[in-house]
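Presented below is the structure to which this report refers.
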Amino acid sequence: MDKALEGVKVLDLTHVQAGPSCTQLLGFLGADVIKLEDVWGGDSTRRDLRHDDDSDSFYFLIFNNNKRAVSINLKTEKGKELFTGLLKWADVLVENFSLGMLDRLGFDWDTMQEINPGIVYTAIKGFGTYGPYAQYKGWEMVAQAVGGAMATTGYSDRPPVYLSPGVGDSGSGLHAAIGILAALRKRDITGKGQRVEVAMQDAVVNLMRMQMTPVLGLQQPEARRGYLTGRGMPLIFPCAPGGADDYILIFPRGEMWQLLLVAIGREDLIDDPRFDDFDSVVQYADEVEEIISAWTRKHTKQEAMKTLAGAGVLAGATMNSNDILEDGQLKARNMVVSVEDDVRGDYTMLGCPIKLSDQDDKVTRAPRYGEHNSEVLTTILGCTPQEVERMRAEGIIAP
């Protein structure tokens, strides 16, 4: 057993980001993930934001590594028969369809349990399957709005703004993956599967715990504060050569204020009574901003980070997408990798963020549409090559 989830079989009926990010993590950890798509083009992200008319978009590629892919028409009786066979095979089923989609196809939870009592059925929905909002549709930005993330992001005199990280979609996928592992652990003991449900609103609220503390403790909602800390200290400072992304985050709290002053050559301020402690520093936030900015403007953000972080100060360059792909730390940790693909051509991809000491973190290419139809139908469901070709001709599986 080379990988932690080797032997775990996952039937992936997900699309876009929330579900695929969950099943991708399971695939990274060794599960056999079969992505099941329709026969009318599959996951829409294969086409959305496409960079090349003859290839899947990076929107699809970045969420579907380490998977196999089949395409089946679940609206046909034969397609439902094939799906039933895959349900018997699977340990886990993950879907993020609109509410009730599988029920309408004839595969409600009771039916799934009859087919496979050990199945772990995982549903990711905008608002879950119950509660007053259950019928509402959800996606990344909706989840950020109703989960509290947008209300605390931006400046107090401007409208709320959304976050770039996919806290709604990928955040839900992370929560779902944890739920699946917990359900599998219990199944190891009881032999029975169960439902795992993640509402995207719930996931964002969970990620917002720290921002909930003011209202929980003081009945005061967290305010939007831009680039300032909760106490009004600046966090972001300009760097050379002065481009749109040339900034560094610095948080000189506590004893780090003295470390910062030494690092930037302003030891003369260590005994300045204005900066005796952090409470005093906060009172002189404008002066602090100018003192630090006068130094950071003379250095690139990478130079400033190396100097300050190396001196023990909380500091980090504001890396843009290009910076990330060239970052030596991320490359050293296999978070930026090259993926071999003899059809699309080799490409750069992001790696697995979870590192286990007893397994590698190899990233394999995302599957092409319907690539594993024959392989899966013959080896798992026992179909003959002739049956596969007939189903292809009849539109039961994609050509």
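FYI, nothing fancy with the structure tokens labels: chains A, B, ... in order, residues from 1 per chain, ligands from 1 as they appear.
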
Quiz item: Can you tell me, as JSON, numbers by chain, what residues are no more than 10 Å from Glu375 in chain A when counting only C-alpha atoms, ignoring any on the same chain fewer than 2 positions away?
Solution: {"A": [68, 69, 70, 371, 372, 373, 377, 378, 379, 380, 381, 382, 383, 385, 388]}

Quiz item: Counting only C-alpha atoms, what is within 7 Å of Arg365 in chain A, bar same-chain residues fewer than 6 positions away, as a PyMOL selection string?
Solution: chain A and resi 65-66+339-341

Selected residues written out, N, CA and C atoms, as a tab-separated table (two decimals), in the first residue's frame:
chain	number	residue	atom	x	y	z
A	65	ASN	N	-6.85	16.80	-11.64
A	65	ASN	CA	-5.69	15.90	-11.69
A	65	ASN	C	-6.00	14.60	-10.97
A	66	ASN	N	-5.22	13.57	-11.27
A	66	ASN	CA	-5.25	12.30	-10.55
A	66	ASN	C	-6.63	11.65	-10.55
A	339	VAL	N	3.56	18.84	-15.40
A	339	VAL	CA	2.76	17.64	-15.65
A	339	VAL	C	2.98	17.20	-17.10
A	340	GLU	N	3.26	15.91	-17.28
A	340	GLU	CA	3.48	15.38	-18.62
A	340	GLU	C	2.15	15.06	-19.30
A	341	ASP	N	2.02	15.50	-20.56
A	341	ASP	CA	0.80	15.22	-21.32
A	341	ASP	C	1.18	15.12	-22.79

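Between CA of Asp103 in chain A and CA of Gly128 in chain A there is a distance of 15.0 Å.
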
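Residues lying within 10 Å of range 264-278 of chain A, counting only C-alpha atoms and ignoring same-chain neighbours fewer than 5 positions away, are Met233, Pro252, Arg253, Gly254, Glu255, Met256, Trp257, Gln258, Leu259, Gln283, Tyr284, Glu287, Val288, Ile291, Ile292, Ala294, Trp295, Thr296, Ala304, Thr307 and Leu308 of chain A.
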
Could those selected residues go to a file with C-alpha atoms, as a PDB file, in the first residue's frame?
ATOM      1  CA  MET A 233      -2.111  49.677  12.382  1.00  0.00           C
ATOM      2  CA  PRO A 252       5.423  44.383  13.808  1.00  0.00           C
ATOM      3  CA  ARG A 253       3.558  43.385  16.936  1.00  0.00           C
ATOM      4  CA  GLY A 254       5.157  43.033  20.375  1.00  0.00           C
ATOM      5  CA  GLU A 255       8.890  42.485  20.417  1.00  0.00           C
ATOM      6  CA  MET A 256       8.878  42.365  16.612  1.00  0.00           C
ATOM      7  CA  TRP A 257       8.771  46.162  16.603  1.00  0.00           C
ATOM      8  CA  GLN A 258      12.296  46.260  17.975  1.00  0.00           C
ATOM      9  CA  LEU A 259      13.402  43.514  15.567  1.00  0.00           C
ATOM     10  CA  GLN A 283      -1.337  55.694  18.651  1.00  0.00           C
ATOM     11  CA  TYR A 284       1.292  56.813  16.162  1.00  0.00           C
ATOM     12  CA  GLU A 287       4.325  57.933  11.779  1.00  0.00           C
ATOM     13  CA  VAL A 288       4.873  54.165  11.804  1.00  0.00           C
ATOM     14  CA  ILE A 291       8.997  55.140   8.910  1.00  0.00           C
ATOM     15  CA  ILE A 292       8.504  51.685   7.450  1.00  0.00           C
ATOM     16  CA  ALA A 294      10.677  55.023   3.719  1.00  0.00           C
ATOM     17  CA  TRP A 295      12.680  51.782   3.964  1.00  0.00           C
ATOM     18  CA  THR A 296      10.454  49.424   1.941  1.00  0.00           C
ATOM     19  CA  ALA A 304      12.282  43.200   1.927  1.00  0.00           C
ATOM     20  CA  THR A 307      15.518  40.827   5.286  1.00  0.00           C
ATOM     21  CA  LEU A 308      12.523  41.175   7.588  1.00  0.00           C
TER      22      LEU A 308
END

Self-check item: Residues within 8 Å of Leu36 in chain A, only C-alpha atoms, excluding chain neighbours under 5 positions, as a PyMOL selection string
Solution: chain A and resi 11-14+69-72

Quiz item: Do you know which residues are at most 12 Å from Pro221 in chain A counting only C-alpha atoms, after dropping those on the same chain fewer than 6 positions away, and could you put them as a list in words?
Solution: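 Everything that qualifies: Gly148, Ala151, Thr152, Met210, Gln211, Met212, Thr213, Pro214, Val215 and Gly230 of chain A.
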
Quiz item: So which bits of range 292-368 of chain A end up strand (DSSP E or B) when you DSSP the backbone, as a VMD selection string?
Solution: chain A and resid 300 314 to 317 336 to 339 347 to 350

Quiz item: Hey, what's within 7 Å of Gly118 in chain A if we count only C-alpha atoms and toss same-chain stuff fewer than 2 positions away? As a list of chain:residue names, please?
Solution: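 Contacts, with the query itself left out: A:Asp91, A:Asn116, A:Val120, A:Gly191, A:Lys192, A:Gly193.
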
Using only N, CA and C atoms, please write the residues we just selected to a file, as a PDB file, in the first residue's frame.
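Dumped to part27.pdb:
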ATOM      1  N   ASP A  91     -16.872   3.108  -3.097  1.00  0.00           N
ATOM      2  CA  ASP A  91     -16.941   3.342  -1.646  1.00  0.00           C
ATOM      3  C   ASP A  91     -17.570   4.696  -1.354  1.00  0.00           C
ATOM      4  N   ASN A 116     -25.924  -0.404  -2.504  1.00  0.00           N
ATOM      5  CA  ASN A 116     -24.631  -0.533  -1.831  1.00  0.00           C
ATOM      6  C   ASN A 116     -24.748   0.007  -0.410  1.00  0.00           C
ATOM      7  N   VAL A 120     -20.674   5.817   0.897  1.00  0.00           N
ATOM      8  CA  VAL A 120     -20.625   7.120   1.565  1.00  0.00           C
ATOM      9  C   VAL A 120     -21.063   8.146   0.528  1.00  0.00           C
ATOM     10  N   GLY A 191     -19.359  -1.080   9.059  1.00  0.00           N
ATOM     11  CA  GLY A 191     -19.684  -1.681   7.776  1.00  0.00           C
ATOM     12  C   GLY A 191     -20.755  -0.926   7.012  1.00  0.00           C
ATOM     13  N   LYS A 192     -21.298   0.122   7.592  1.00  0.00           N
ATOM     14  CA  LYS A 192     -22.388   0.863   6.965  1.00  0.00           C
ATOM     15  C   LYS A 192     -21.904   2.228   6.481  1.00  0.00           C
ATOM     16  N   GLY A 193     -22.430   2.635   5.324  1.00  0.00           N
ATOM     17  CA  GLY A 193     -22.153   3.968   4.818  1.00  0.00           C
ATOM     18  C   GLY A 193     -23.101   4.983   5.433  1.00  0.00           C
TER      19      GLY A 193
END

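Proximity ranking of A:Glu140, A:Asp157, A:Asp52, A:Glu81 relative to Gln17 in chain A places A:Glu140 first, based on only C-alpha atoms.
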
Quiz item: Any idea what the distance is between CA of Val336 in chain A and CA of Met349 in chain A?
Solution: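 It comes out at 5.9 Å.
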
Exercise. Please measure the separation of CA of Thr348 in chain A and CA of Ser57 in chain A, giving the value in Å to one decimal.
Key: 12.9 Å

Quiz prompt | Selection near range 320-327 of chain A, 10 Å with only C-alpha atoms, sequence-local residues under 5 positions removed, as a PyMOL selection string | solution = chain A and resi 244-246+302+332+335-337+348-350

Using only C-alpha atoms, please write the residues we just selected to a file, as a compact mmCIF listing (two decimals), in the first residue's frame.
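Dumped to result14.txt:
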# COMPACT_ATOMS: atom_id res chain seq x y z
CA ALA A 244 0.73 47.50 -8.91
CA ASP A 245 1.81 44.38 -7.00
CA ASP A 246 4.97 45.74 -5.40
CA GLN A 302 11.33 39.84 -2.24
CA ALA A 332 10.83 23.01 -3.38
CA MET A 335 3.36 23.02 -5.08
CA VAL A 336 4.39 24.14 -8.55
CA VAL A 337 5.06 21.14 -10.78
CA THR A 348 2.72 23.74 -15.29
CA MET A 349 0.25 22.80 -12.57
CA LEU A 350 -0.28 23.34 -8.85

Practice problem: From a DSSP calculation on the backbone, collect every residue of range 145-390 of chain A in alpha helix (DSSP H) and output the set as a ChimeraX atom specification. | Solution: /A:145-146,169-190,200-207,209-218,256-263,278-283,285-296,301-310,321-326,328-332,373-379,385-390

Self-check item: Pick from A:Val313, A:Val281, A:Met208, A:Ile397 nearest to Gly79 in chain A, counting only C-alpha atoms
Solution: A:Ile397

Quiz item: When distances are computed from only C-alpha atoms, which of A:Gly42, A:Gly217, A:Pro234, A:Gly312 shows the smallest separation from Ala263 in chain A?
Solution: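 Under the stated criterion, the closest residue is A:Gly312.
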